[in-house]
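Okay, structure first, notes after.
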Amino acid sequence: MRRIFSGIKPTGHLTLGNYLGAVRQWVEVEQHQADALFSVVDLHALTVDHEPARVRRLSRQAATLLLAAGLEPARCTVFVQSHVDEHTRLSYLLECTATDGEMRRMIQYKEKSARERATGGSVRLSLLTYPALMAADILAYGAHEVPVGDDQVQHVELTRDLAVRFNQRYGRTFTVPKAVRPAVAARVMDLQDPTSKMGKSHAETAGIVYLLDEAEVVRKKVMRAVTDSGTDVTYDRETQPGVANLLEMLAACTGGKPAELAEGYTAYGALKKDTADAVVELLRPVRRRHAELCADPGYVDGVLREGAERARGLARPTVDAAYAAVGLMRPA
């Protein structure tokens with residue numbers, strides 16, 4: 001069976017974009033068709049200034065929401081990255097395999113470091129090197145596929161390059177993975193800025209639908225979504241990004257096709273109302289199950305403990321083999 005790995009970073013509350021772009025695919029498809037590992041990649045949250053208590057809180061919330069969305073521990077492995085030491089063990093070997101130029105070409109590094117400098121902040125070294133940790137997340141498990149959005153494809157390509165280079169230098173050690181992208185709603189855009197991704201760590205939240213938003217909050221955000229000049233409802237991402245974003249959200253929630261759905265509307269108001277209704281209904285069972293799991297913290301603890309144990313058992317042989325391959329002595 002093919003193996004997949006994917007992770008979610010606890011840098012903010014999970015959004016509708018996270019759900020439609022990744023988590024729902026994990027729940028409905030990946031956990032049933034592959035040996036799937038899904039991780040809350042908390043170490044990646046440390047690349048920028050952070051509040052320790054918030055990282056812990058968001059890590060637990062993310063894990064609980066993954067279970068609430070429908071990931072089943074009997075079918076897949078759900079765990080927290082920092083609970084498995086093999087990630088950091090392998091990360092250093094991959095830093096020794098990568099080049100400075102490769103790291104500096106990463107688009108996310110360029111964008112995030114520019115924002116940090118613009119606000120007078122310092123740029124942590126880990127922001128430059130974290131793609132090596134991301135590669136370790138994937139390669140430690142011999143993953144064949146990595147479900148990602150468009151903005152993460154570059155990182156998977158780097159992972160492939162590092163795996164190939166390591167194998168050529170030291171002998172075949174790693175499986176070379178490939179990125180796979182969901183066909184629908186790979187990127188859900190901000191309702192107030194439909195040219196920008198709906199990100200969970202954005203400072204402005206009016207255009208972001210969070211999975212734990214109350215129904216009326218969701219409705220208000222969708223009804224206030226930015227649309228476009230004119231009144232025609234057509235699906236055109238270039239000329240009508242606001243309307244296209246709503247149509248894509250509605251399509252993802254209902255199983256329709258954006259262009260076909262557009263034919264049923266003559267006004268923005270009706271489109272917004274139907275989109276709001278669809279999003280509320282989509283998230284209702286997730287919020288209900290999240291509340292149930294929060295009332296039973298011992299269950300979540302058990303899932304994460306067992307998940308880490310299984311992940312550790314899968315990763316350790318590969319990481320030990322990598323250590324031996326590069327010439328490190330085995331412990332006595």
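Chain labels A, B, ... are given in the sequence in which chains occur in the structure tokens; within each chain residues are numbered consecutively from 1, and ligands are likewise numbered from 1 in the order shown.
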
Please return, as a PDB file with N, CA, C and O atoms, in the first residue's frame, all residues of segment 217-288 of chain A that DSSP assigns to helix (DSSP H, G or I) on the basis of the backbone.
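Just written: out-v8.pdb:
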```pdb
ATOM      1  N   VAL A 217     -21.572  33.858  12.955  1.00  0.00           N
ATOM      2  CA  VAL A 217     -20.313  34.520  12.598  1.00  0.00           C
ATOM      3  C   VAL A 217     -19.923  34.141  11.171  1.00  0.00           C
ATOM      4  O   VAL A 217     -19.494  34.987  10.379  1.00  0.00           O
ATOM      5  N   VAL A 218     -20.100  32.864  10.834  1.00  0.00           N
ATOM      6  CA  VAL A 218     -19.806  32.410   9.473  1.00  0.00           C
ATOM      7  C   VAL A 218     -20.680  33.152   8.468  1.00  0.00           C
ATOM      8  O   VAL A 218     -20.203  33.660   7.447  1.00  0.00           O
ATOM      9  N   ARG A 219     -21.974  33.220   8.760  1.00  0.00           N
ATOM     10  CA  ARG A 219     -22.902  33.896   7.841  1.00  0.00           C
ATOM     11  C   ARG A 219     -22.504  35.362   7.633  1.00  0.00           C
ATOM     12  O   ARG A 219     -22.508  35.871   6.505  1.00  0.00           O
ATOM     13  N   LYS A 220     -22.159  36.023   8.712  1.00  0.00           N
ATOM     14  CA  LYS A 220     -21.805  37.437   8.614  1.00  0.00           C
ATOM     15  C   LYS A 220     -20.559  37.630   7.751  1.00  0.00           C
ATOM     16  O   LYS A 220     -20.507  38.527   6.903  1.00  0.00           O
ATOM     17  N   LYS A 221     -19.550  36.774   7.936  1.00  0.00           N
ATOM     18  CA  LYS A 221     -18.326  36.901   7.162  1.00  0.00           C
ATOM     19  C   LYS A 221     -18.578  36.656   5.671  1.00  0.00           C
ATOM     20  O   LYS A 221     -18.043  37.369   4.818  1.00  0.00           O
ATOM     21  N   VAL A 222     -19.376  35.640   5.363  1.00  0.00           N
ATOM     22  CA  VAL A 222     -19.636  35.334   3.948  1.00  0.00           C
ATOM     23  C   VAL A 222     -20.496  36.421   3.316  1.00  0.00           C
ATOM     24  O   VAL A 222     -20.235  36.849   2.181  1.00  0.00           O
ATOM     25  N   MET A 223     -21.507  36.907   4.034  1.00  0.00           N
ATOM     26  CA  MET A 223     -22.383  37.934   3.469  1.00  0.00           C
ATOM     27  C   MET A 223     -21.645  39.249   3.239  1.00  0.00           C
ATOM     28  O   MET A 223     -22.044  40.054   2.390  1.00  0.00           O
ATOM     29  N   PRO A 241     -12.398  37.799  -9.197  1.00  0.00           N
ATOM     30  CA  PRO A 241     -11.847  36.900  -8.169  1.00  0.00           C
ATOM     31  C   PRO A 241     -12.759  36.718  -6.959  1.00  0.00           C
ATOM     32  O   PRO A 241     -12.792  35.631  -6.376  1.00  0.00           O
ATOM     33  N   GLY A 242     -13.493  37.780  -6.579  1.00  0.00           N
ATOM     34  CA  GLY A 242     -14.386  37.656  -5.424  1.00  0.00           C
ATOM     35  C   GLY A 242     -15.517  36.685  -5.678  1.00  0.00           C
ATOM     36  O   GLY A 242     -15.817  35.806  -4.856  1.00  0.00           O
ATOM     37  N   VAL A 243     -16.175  36.826  -6.811  1.00  0.00           N
ATOM     38  CA  VAL A 243     -17.274  35.927  -7.169  1.00  0.00           C
ATOM     39  C   VAL A 243     -16.753  34.513  -7.393  1.00  0.00           C
ATOM     40  O   VAL A 243     -17.374  33.530  -6.968  1.00  0.00           O
ATOM     41  N   ALA A 244     -15.601  34.403  -8.050  1.00  0.00           N
ATOM     42  CA  ALA A 244     -15.025  33.084  -8.297  1.00  0.00           C
ATOM     43  C   ALA A 244     -14.724  32.365  -6.981  1.00  0.00           C
ATOM     44  O   ALA A 244     -14.948  31.151  -6.853  1.00  0.00           O
ATOM     45  N   ASN A 245     -14.242  33.108  -5.990  1.00  0.00           N
ATOM     46  CA  ASN A 245     -13.951  32.507  -4.698  1.00  0.00           C
ATOM     47  C   ASN A 245     -15.221  31.957  -4.054  1.00  0.00           C
ATOM     48  O   ASN A 245     -15.242  30.835  -3.531  1.00  0.00           O
ATOM     49  N   LEU A 246     -16.306  32.725  -4.103  1.00  0.00           N
ATOM     50  CA  LEU A 246     -17.576  32.258  -3.543  1.00  0.00           C
ATOM     51  C   LEU A 246     -18.080  31.026  -4.291  1.00  0.00           C
ATOM     52  O   LEU A 246     -18.561  30.064  -3.675  1.00  0.00           O
ATOM     53  N   LEU A 247     -17.975  31.049  -5.601  1.00  0.00           N
ATOM     54  CA  LEU A 247     -18.439  29.912  -6.398  1.00  0.00           C
ATOM     55  C   LEU A 247     -17.612  28.660  -6.103  1.00  0.00           C
ATOM     56  O   LEU A 247     -18.152  27.543  -6.026  1.00  0.00           O
ATOM     57  N   GLU A 248     -16.325  28.829  -5.922  1.00  0.00           N
ATOM     58  CA  GLU A 248     -15.477  27.684  -5.609  1.00  0.00           C
ATOM     59  C   GLU A 248     -15.788  27.130  -4.220  1.00  0.00           C
ATOM     60  O   GLU A 248     -15.796  25.912  -4.009  1.00  0.00           O
ATOM     61  N   MET A 249     -16.044  28.018  -3.266  1.00  0.00           N
ATOM     62  CA  MET A 249     -16.425  27.564  -1.934  1.00  0.00           C
ATOM     63  C   MET A 249     -17.746  26.813  -1.982  1.00  0.00           C
ATOM     64  O   MET A 249     -17.889  25.733  -1.385  1.00  0.00           O
ATOM     65  N   LEU A 250     -18.716  27.363  -2.691  1.00  0.00           N
ATOM     66  CA  LEU A 250     -20.020  26.709  -2.804  1.00  0.00           C
ATOM     67  C   LEU A 250     -19.877  25.361  -3.494  1.00  0.00           C
ATOM     68  O   LEU A 250     -20.489  24.363  -3.073  1.00  0.00           O
ATOM     69  N   ALA A 251     -19.084  25.311  -4.550  1.00  0.00           N
ATOM     70  CA  ALA A 251     -18.871  24.054  -5.267  1.00  0.00           C
ATOM     71  C   ALA A 251     -18.228  23.005  -4.368  1.00  0.00           C
ATOM     72  O   ALA A 251     -18.625  21.829  -4.377  1.00  0.00           O
ATOM     73  N   ALA A 252     -17.236  23.424  -3.585  1.00  0.00           N
ATOM     74  CA  ALA A 252     -16.551  22.490  -2.707  1.00  0.00           C
ATOM     75  C   ALA A 252     -17.473  21.958  -1.616  1.00  0.00           C
ATOM     76  O   ALA A 252     -17.372  20.806  -1.203  1.00  0.00           O
ATOM     77  N   CYS A 253     -18.391  22.799  -1.161  1.00  0.00           N
ATOM     78  CA  CYS A 253     -19.322  22.388  -0.110  1.00  0.00           C
ATOM     79  C   CYS A 253     -20.437  21.484  -0.626  1.00  0.00           C
ATOM     80  O   CYS A 253     -20.931  20.612   0.098  1.00  0.00           O
ATOM     81  N   THR A 254     -20.848  21.686  -1.878  1.00  0.00           N
ATOM     82  CA  THR A 254     -22.028  20.995  -2.407  1.00  0.00           C
ATOM     83  C   THR A 254     -21.713  19.929  -3.441  1.00  0.00           C
ATOM     84  O   THR A 254     -22.602  19.160  -3.823  1.00  0.00           O
ATOM     85  N   PRO A 258     -18.067  25.115 -10.265  1.00  0.00           N
ATOM     86  CA  PRO A 258     -18.224  26.578 -10.176  1.00  0.00           C
ATOM     87  C   PRO A 258     -18.890  27.202 -11.390  1.00  0.00           C
ATOM     88  O   PRO A 258     -19.813  28.013 -11.243  1.00  0.00           O
ATOM     89  N   ALA A 259     -18.454  26.846 -12.589  1.00  0.00           N
ATOM     90  CA  ALA A 259     -19.005  27.466 -13.799  1.00  0.00           C
ATOM     91  C   ALA A 259     -20.482  27.134 -13.965  1.00  0.00           C
ATOM     92  O   ALA A 259     -21.283  27.990 -14.369  1.00  0.00           O
ATOM     93  N   GLU A 260     -20.866  25.913 -13.635  1.00  0.00           N
ATOM     94  CA  GLU A 260     -22.271  25.524 -13.751  1.00  0.00           C
ATOM     95  C   GLU A 260     -23.122  26.195 -12.685  1.00  0.00           C
ATOM     96  O   GLU A 260     -24.260  26.607 -12.948  1.00  0.00           O
ATOM     97  N   LEU A 261     -22.579  26.310 -11.470  1.00  0.00           N
ATOM     98  CA  LEU A 261     -23.319  26.978 -10.402  1.00  0.00           C
ATOM     99  C   LEU A 261     -23.570  28.436 -10.745  1.00  0.00           C
ATOM    100  O   LEU A 261     -24.632  28.985 -10.415  1.00  0.00           O
ATOM    101  N   ALA A 262     -22.616  29.082 -11.399  1.00  0.00           N
ATOM    102  CA  ALA A 262     -22.765  30.497 -11.743  1.00  0.00           C
ATOM    103  C   ALA A 262     -23.989  30.748 -12.604  1.00  0.00           C
ATOM    104  O   ALA A 262     -24.619  31.816 -12.504  1.00  0.00           O
ATOM    105  N   TYR A 268     -25.439  38.894  -6.697  1.00  0.00           N
ATOM    106  CA  TYR A 268     -24.456  38.476  -5.716  1.00  0.00           C
ATOM    107  C   TYR A 268     -25.089  38.051  -4.392  1.00  0.00           C
ATOM    108  O   TYR A 268     -24.607  37.137  -3.723  1.00  0.00           O
ATOM    109  N   GLY A 269     -26.163  38.712  -4.004  1.00  0.00           N
ATOM    110  CA  GLY A 269     -26.770  38.437  -2.703  1.00  0.00           C
ATOM    111  C   GLY A 269     -27.213  36.999  -2.556  1.00  0.00           C
ATOM    112  O   GLY A 269     -26.972  36.366  -1.514  1.00  0.00           O
ATOM    113  N   ALA A 270     -27.863  36.475  -3.564  1.00  0.00           N
ATOM    114  CA  ALA A 270     -28.338  35.088  -3.504  1.00  0.00           C
ATOM    115  C   ALA A 270     -27.166  34.114  -3.446  1.00  0.00           C
ATOM    116  O   ALA A 270     -27.204  33.103  -2.727  1.00  0.00           O
ATOM    117  N   LEU A 271     -26.107  34.425  -4.195  1.00  0.00           N
ATOM    118  CA  LEU A 271     -24.915  33.571  -4.170  1.00  0.00           C
ATOM    119  C   LEU A 271     -24.290  33.566  -2.785  1.00  0.00           C
ATOM    120  O   LEU A 271     -23.919  32.508  -2.261  1.00  0.00           O
ATOM    121  N   LYS A 272     -24.192  34.737  -2.182  1.00  0.00           N
ATOM    122  CA  LYS A 272     -23.613  34.811  -0.839  1.00  0.00           C
ATOM    123  C   LYS A 272     -24.452  34.030   0.172  1.00  0.00           C
ATOM    124  O   LYS A 272     -23.913  33.309   1.021  1.00  0.00           O
ATOM    125  N   LYS A 273     -25.767  34.167   0.104  1.00  0.00           N
ATOM    126  CA  LYS A 273     -26.639  33.475   1.048  1.00  0.00           C
ATOM    127  C   LYS A 273     -26.492  31.962   0.920  1.00  0.00           C
ATOM    128  O   LYS A 273     -26.363  31.252   1.927  1.00  0.00           O
ATOM    129  N   ASP A 274     -26.508  31.465  -0.312  1.00  0.00           N
ATOM    130  CA  ASP A 274     -26.383  30.019  -0.499  1.00  0.00           C
ATOM    131  C   ASP A 274     -25.012  29.515  -0.071  1.00  0.00           C
ATOM    132  O   ASP A 274     -24.879  28.418   0.491  1.00  0.00           O
ATOM    133  N   THR A 275     -23.984  30.310  -0.326  1.00  0.00           N
ATOM    134  CA  THR A 275     -22.638  29.915   0.098  1.00  0.00           C
ATOM    135  C   THR A 275     -22.546  29.880   1.611  1.00  0.00           C
ATOM    136  O   THR A 275     -21.983  28.936   2.188  1.00  0.00           O
ATOM    137  N   ALA A 276     -23.096  30.891   2.267  1.00  0.00           N
ATOM    138  CA  ALA A 276     -23.084  30.925   3.731  1.00  0.00           C
ATOM    139  C   ALA A 276     -23.813  29.722   4.306  1.00  0.00           C
ATOM    140  O   ALA A 276     -23.321  29.063   5.236  1.00  0.00           O
ATOM    141  N   ASP A 277     -24.990  29.418   3.769  1.00  0.00           N
ATOM    142  CA  ASP A 277     -25.761  28.258   4.250  1.00  0.00           C
ATOM    143  C   ASP A 277     -24.960  26.969   4.076  1.00  0.00           C
ATOM    144  O   ASP A 277     -24.938  26.101   4.965  1.00  0.00           O
ATOM    145  N   ALA A 278     -24.313  26.834   2.925  1.00  0.00           N
ATOM    146  CA  ALA A 278     -23.568  25.611   2.640  1.00  0.00           C
ATOM    147  C   ALA A 278     -22.377  25.451   3.577  1.00  0.00           C
ATOM    148  O   ALA A 278     -22.086  24.347   4.062  1.00  0.00           O
ATOM    149  N   VAL A 279     -21.682  26.548   3.861  1.00  0.00           N
ATOM    150  CA  VAL A 279     -20.527  26.483   4.756  1.00  0.00           C
ATOM    151  C   VAL A 279     -20.968  26.145   6.173  1.00  0.00           C
ATOM    152  O   VAL A 279     -20.358  25.311   6.860  1.00  0.00           O
ATOM    153  N   VAL A 280     -22.043  26.758   6.633  1.00  0.00           N
ATOM    154  CA  VAL A 280     -22.549  26.486   7.982  1.00  0.00           C
ATOM    155  C   VAL A 280     -22.891  25.009   8.129  1.00  0.00           C
ATOM    156  O   VAL A 280     -22.533  24.365   9.128  1.00  0.00           O
ATOM    157  N   GLU A 281     -23.578  24.444   7.153  1.00  0.00           N
ATOM    158  CA  GLU A 281     -23.975  23.037   7.235  1.00  0.00           C
ATOM    159  C   GLU A 281     -22.774  22.113   7.147  1.00  0.00           C
ATOM    160  O   GLU A 281     -22.738  21.051   7.779  1.00  0.00           O
ATOM    161  N   LEU A 282     -21.779  22.497   6.357  1.00  0.00           N
ATOM    162  CA  LEU A 282     -20.578  21.683   6.233  1.00  0.00           C
ATOM    163  C   LEU A 282     -19.827  21.591   7.561  1.00  0.00           C
ATOM    164  O   LEU A 282     -19.321  20.524   7.933  1.00  0.00           O
ATOM    165  N   LEU A 283     -19.761  22.712   8.284  1.00  0.00           N
ATOM    166  CA  LEU A 283     -18.963  22.767   9.508  1.00  0.00           C
ATOM    167  C   LEU A 283     -19.726  22.326  10.754  1.00  0.00           C
ATOM    168  O   LEU A 283     -19.109  22.048  11.787  1.00  0.00           O
ATOM    169  N   ARG A 284     -21.051  22.236  10.661  1.00  0.00           N
ATOM    170  CA  ARG A 284     -21.859  21.918  11.849  1.00  0.00           C
ATOM    171  C   ARG A 284     -21.411  20.611  12.524  1.00  0.00           C
ATOM    172  O   ARG A 284     -21.175  20.592  13.747  1.00  0.00           O
ATOM    173  N   PRO A 285     -21.287  19.497  11.807  1.00  0.00           N
ATOM    174  CA  PRO A 285     -20.883  18.259  12.489  1.00  0.00           C
ATOM    175  C   PRO A 285     -19.458  18.292  13.030  1.00  0.00           C
ATOM    176  O   PRO A 285     -19.156  17.634  14.036  1.00  0.00           O
ATOM    177  N   VAL A 286     -18.579  19.053  12.401  1.00  0.00           N
ATOM    178  CA  VAL A 286     -17.204  19.173  12.882  1.00  0.00           C
ATOM    179  C   VAL A 286     -17.188  19.893  14.225  1.00  0.00           C
ATOM    180  O   VAL A 286     -16.524  19.446  15.178  1.00  0.00           O
ATOM    181  N   ARG A 287     -17.934  20.978  14.333  1.00  0.00           N
ATOM    182  CA  ARG A 287     -17.987  21.726  15.591  1.00  0.00           C
ATOM    183  C   ARG A 287     -18.625  20.884  16.695  1.00  0.00           C
ATOM    184  O   ARG A 287     -18.164  20.905  17.849  1.00  0.00           O
ATOM    185  N   ARG A 288     -19.664  20.127  16.347  1.00  0.00           N
ATOM    186  CA  ARG A 288     -20.330  19.283  17.349  1.00  0.00           C
ATOM    187  C   ARG A 288     -19.385  18.206  17.871  1.00  0.00           C
ATOM    188  O   ARG A 288     -19.274  17.981  19.076  1.00  0.00           O
TER     189      ARG A 288
END
```

Give me, as JSON lines, each residue of segment 13-63 of chain A that comes within 7 Å of segment 194-203 of chain A, together with its shortest interatomic pair and the distance in Å at one decimal, counting only C-alpha atoms, with rows ordered by chain and rising residue number.
```
{"residue": "A:His13", "atom": "CA", "partner": "A:Lys200", "partner_atom": "CA", "distance": 5.7}
{"residue": "A:Leu14", "atom": "CA", "partner": "A:Lys200", "partner_atom": "CA", "distance": 5.9}
{"residue": "A:Thr15", "atom": "CA", "partner": "A:Lys200", "partner_atom": "CA", "distance": 6.0}
{"residue": "A:Gly17", "atom": "CA", "partner": "A:Met198", "partner_atom": "CA", "distance": 5.9}
```

Within 10 Å of segment 28-45 of chain A: each segment 281-319 of chain A residue with its shortest pair, only C-alpha atoms, as JSON lines:
```
{"residue": "A:Leu304", "atom": "CA", "partner": "A:Ser39", "partner_atom": "CA", "distance": 9.5}
{"residue": "A:Gly307", "atom": "CA", "partner": "A:Leu37", "partner_atom": "CA", "distance": 8.7}
{"residue": "A:Ala308", "atom": "CA", "partner": "A:Ser39", "partner_atom": "CA", "distance": 9.3}
{"residue": "A:Arg310", "atom": "CA", "partner": "A:Leu37", "partner_atom": "CA", "distance": 9.7}
{"residue": "A:Ala311", "atom": "CA", "partner": "A:Leu37", "partner_atom": "CA", "distance": 7.8}
```

Using N, CA and C atoms, can you write the selected residues to a file as a PDB file, in the first residue's frame?
```pdb
ATOM      1  N   LEU A 304      -3.044  10.427  20.509  1.00  0.00           N
ATOM      2  CA  LEU A 304      -1.748  11.040  20.182  1.00  0.00           C
ATOM      3  C   LEU A 304      -0.586  10.194  20.702  1.00  0.00           C
ATOM      4  N   GLY A 307      -0.413   7.192  18.410  1.00  0.00           N
ATOM      5  CA  GLY A 307       0.048   7.638  17.098  1.00  0.00           C
ATOM      6  C   GLY A 307       1.539   7.885  17.081  1.00  0.00           C
ATOM      7  N   ALA A 308       2.058   8.517  18.138  1.00  0.00           N
ATOM      8  CA  ALA A 308       3.496   8.780  18.210  1.00  0.00           C
ATOM      9  C   ALA A 308       4.293   7.491  18.299  1.00  0.00           C
ATOM     10  N   ARG A 310       3.482   4.547  17.037  1.00  0.00           N
ATOM     11  CA  ARG A 310       3.517   3.916  15.712  1.00  0.00           C
ATOM     12  C   ARG A 310       4.417   4.694  14.764  1.00  0.00           C
ATOM     13  N   ALA A 311       4.325   6.020  14.795  1.00  0.00           N
ATOM     14  CA  ALA A 311       5.163   6.836  13.926  1.00  0.00           C
ATOM     15  C   ALA A 311       6.634   6.614  14.232  1.00  0.00           C
TER      16      ALA A 311
END
```

Using only C-alpha atoms, which residues of segment 245-324 of chain A come within 12 Å of segment 94-110 of chain A, and what is the closest atom pair for each, with the distance in Å to one decimal? Give it as a Markdown table, sorted by chain and residue number.
```
| residue | atom | partner | partner_atom | distance |
| --- | --- | --- | --- | --- |
| A:Val319 | CA | A:Leu94 | CA | 11.0 |
| A:Ala322 | CA | A:Leu94 | CA | 9.8 |
| A:Tyr323 | CA | A:Leu94 | CA | 10.8 |
```

Could you list, as an mmCIF file with N, CA and C atoms, in the first residue's frame, every residue within 9 Å of segment 168-182 of chain A, counting only C-alpha atoms and ignoring same-chain residues fewer than 6 positions away?
```cif
data_model
loop_
_atom_site.group_PDB
_atom_site.id
_atom_site.type_symbol
_atom_site.label_atom_id
_atom_site.label_comp_id
_atom_site.auth_asym_id
_atom_site.auth_seq_id
_atom_site.Cartn_x
_atom_site.Cartn_y
_atom_site.Cartn_z
ATOM 1 N N ILE A 4 1.380 7.855 2.653
ATOM 2 C CA ILE A 4 1.360 9.301 2.522
ATOM 3 C C ILE A 4 1.650 9.945 3.873
ATOM 4 N N GLY A 21 -9.167 22.519 1.533
ATOM 5 C CA GLY A 21 -7.971 22.315 0.742
ATOM 6 C C GLY A 21 -7.179 21.087 1.116
ATOM 7 N N ALA A 22 -7.378 20.558 2.338
ATOM 8 C CA ALA A 22 -6.547 19.438 2.774
ATOM 9 C C ALA A 22 -7.305 18.430 3.623
ATOM 10 N N GLN A 25 -10.012 16.017 2.261
ATOM 11 C CA GLN A 25 -9.417 15.007 1.386
ATOM 12 C C GLN A 25 -8.778 13.893 2.210
ATOM 13 N N ILE A 138 8.813 13.975 5.864
ATOM 14 C CA ILE A 138 8.320 13.126 4.771
ATOM 15 C C ILE A 138 9.194 11.888 4.584
ATOM 16 N N LEU A 139 10.513 12.111 4.517
ATOM 17 C CA LEU A 139 11.421 11.028 4.173
ATOM 18 C C LEU A 139 11.571 10.003 5.284
ATOM 19 N N ALA A 140 11.384 10.411 6.521
ATOM 20 C CA ALA A 140 11.523 9.474 7.638
ATOM 21 C C ALA A 140 10.548 8.312 7.532
ATOM 22 N N TYR A 141 9.426 8.536 6.871
ATOM 23 C CA TYR A 141 8.375 7.511 6.824
ATOM 24 C C TYR A 141 8.310 6.784 5.487
ATOM 25 N N GLY A 142 9.223 7.084 4.579
ATOM 26 C CA GLY A 142 9.173 6.434 3.276
ATOM 27 C C GLY A 142 7.895 6.748 2.532
ATOM 28 N N ALA A 143 7.399 7.979 2.705
ATOM 29 C CA ALA A 143 6.131 8.360 2.072
ATOM 30 C C ALA A 143 6.285 8.381 0.555
ATOM 31 N N HIS A 144 5.279 7.845 -0.124
ATOM 32 C CA HIS A 144 5.251 7.886 -1.580
ATOM 33 C C HIS A 144 4.615 9.177 -2.090
ATOM 34 N N GLU A 145 3.626 9.682 -1.343
ATOM 35 C CA GLU A 145 2.888 10.859 -1.781
ATOM 36 C C GLU A 145 2.716 11.832 -0.626
ATOM 37 N N VAL A 146 2.632 13.124 -0.977
ATOM 38 C CA VAL A 146 2.426 14.178 0.013
ATOM 39 C C VAL A 146 1.298 15.074 -0.485
ATOM 40 N N PRO A 147 0.103 14.985 0.097
ATOM 41 C CA PRO A 147 -0.995 15.869 -0.326
ATOM 42 C C PRO A 147 -0.706 17.297 0.137
ATOM 43 N N VAL A 148 -0.630 18.234 -0.806
ATOM 44 C CA VAL A 148 -0.295 19.619 -0.463
ATOM 45 C C VAL A 148 -1.072 20.583 -1.337
ATOM 46 N N GLY A 149 -1.167 21.819 -0.865
ATOM 47 C CA GLY A 149 -1.689 22.899 -1.677
ATOM 48 C C GLY A 149 -0.597 23.436 -2.584
ATOM 49 N N ASP A 150 -0.995 24.324 -3.481
ATOM 50 C CA ASP A 150 -0.050 24.859 -4.465
ATOM 51 C C ASP A 150 1.162 25.515 -3.813
ATOM 52 N N GLN A 152 2.840 24.697 -1.287
ATOM 53 C CA GLN A 152 3.809 23.799 -0.667
ATOM 54 C C GLN A 152 4.495 22.879 -1.673
ATOM 55 N N VAL A 153 4.121 22.973 -2.940
ATOM 56 C CA VAL A 153 4.709 22.083 -3.944
ATOM 57 C C VAL A 153 6.225 22.274 -4.027
ATOM 58 N N VAL A 156 8.035 20.165 -1.516
ATOM 59 C CA VAL A 156 8.082 18.739 -1.849
ATOM 60 C C VAL A 156 9.106 18.494 -2.955
ATOM 61 N N GLU A 157 9.217 19.435 -3.886
ATOM 62 C CA GLU A 157 10.234 19.292 -4.928
ATOM 63 C C GLU A 157 11.633 19.314 -4.314
ATOM 64 N N THR A 159 12.334 18.330 -1.294
ATOM 65 C CA THR A 159 12.434 17.031 -0.622
ATOM 66 C C THR A 159 12.868 15.949 -1.603
ATOM 67 N N ARG A 160 12.279 15.960 -2.789
ATOM 68 C CA ARG A 160 12.658 14.995 -3.826
ATOM 69 C C ARG A 160 14.145 15.150 -4.191
ATOM 70 N N ASP A 161 14.571 16.393 -4.365
ATOM 71 C CA ASP A 161 15.967 16.643 -4.727
ATOM 72 C C ASP A 161 16.918 16.133 -3.648
ATOM 73 N N LEU A 162 16.570 16.382 -2.390
ATOM 74 C CA LEU A 162 17.433 15.943 -1.287
ATOM 75 C C LEU A 162 17.472 14.422 -1.190
ATOM 76 N N THR A 318 14.470 3.837 9.227
ATOM 77 C CA THR A 318 14.958 4.661 8.118
ATOM 78 C C THR A 318 15.981 5.675 8.594
ATOM 79 N N VAL A 319 15.705 6.320 9.711
ATOM 80 C CA VAL A 319 16.645 7.331 10.214
ATOM 81 C C VAL A 319 17.937 6.670 10.690
ATOM 82 N N ALA A 321 19.203 3.997 9.447
ATOM 83 C CA ALA A 321 19.909 3.639 8.216
ATOM 84 C C ALA A 321 20.601 4.853 7.609
ATOM 85 N N ALA A 322 19.957 6.017 7.678
ATOM 86 C CA ALA A 322 20.560 7.243 7.155
ATOM 87 C C ALA A 322 21.792 7.626 7.962
ATOM 88 N N ALA A 325 24.505 5.369 6.894
ATOM 89 C CA ALA A 325 24.930 5.630 5.526
ATOM 90 C C ALA A 325 25.913 6.786 5.427
ATOM 91 N N VAL A 326 25.740 7.818 6.251
ATOM 92 C CA VAL A 326 26.625 8.993 6.160
ATOM 93 C C VAL A 326 27.916 8.798 6.934
ATOM 94 N N GLY A 327 28.040 7.672 7.653
ATOM 95 C CA GLY A 327 29.305 7.383 8.327
ATOM 96 C C GLY A 327 29.311 7.611 9.827
#
```

Tell me which of A:Gly313, A:Gly207, A:Pro297, A:Gly7 sits closest to Leu66 of chain A, counting only C-alpha atoms.
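Ranking A:Gly313, A:Gly207, A:Pro297, A:Gly7 by distance to Leu66 of chain A, first place goes to A:Gly7.
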
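You can rank A:Ser59, A:Thr234, A:Ser126, A:Thr88 by their closest distance to Thr11 of chain A using only C-alpha atoms, and at the top of that list sits A:Ser59.
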
What is the distance, in Å and to one decimal place, between atom CA of Met189 of chain A and atom CA of Glu238 of chain A?
13.2 Å
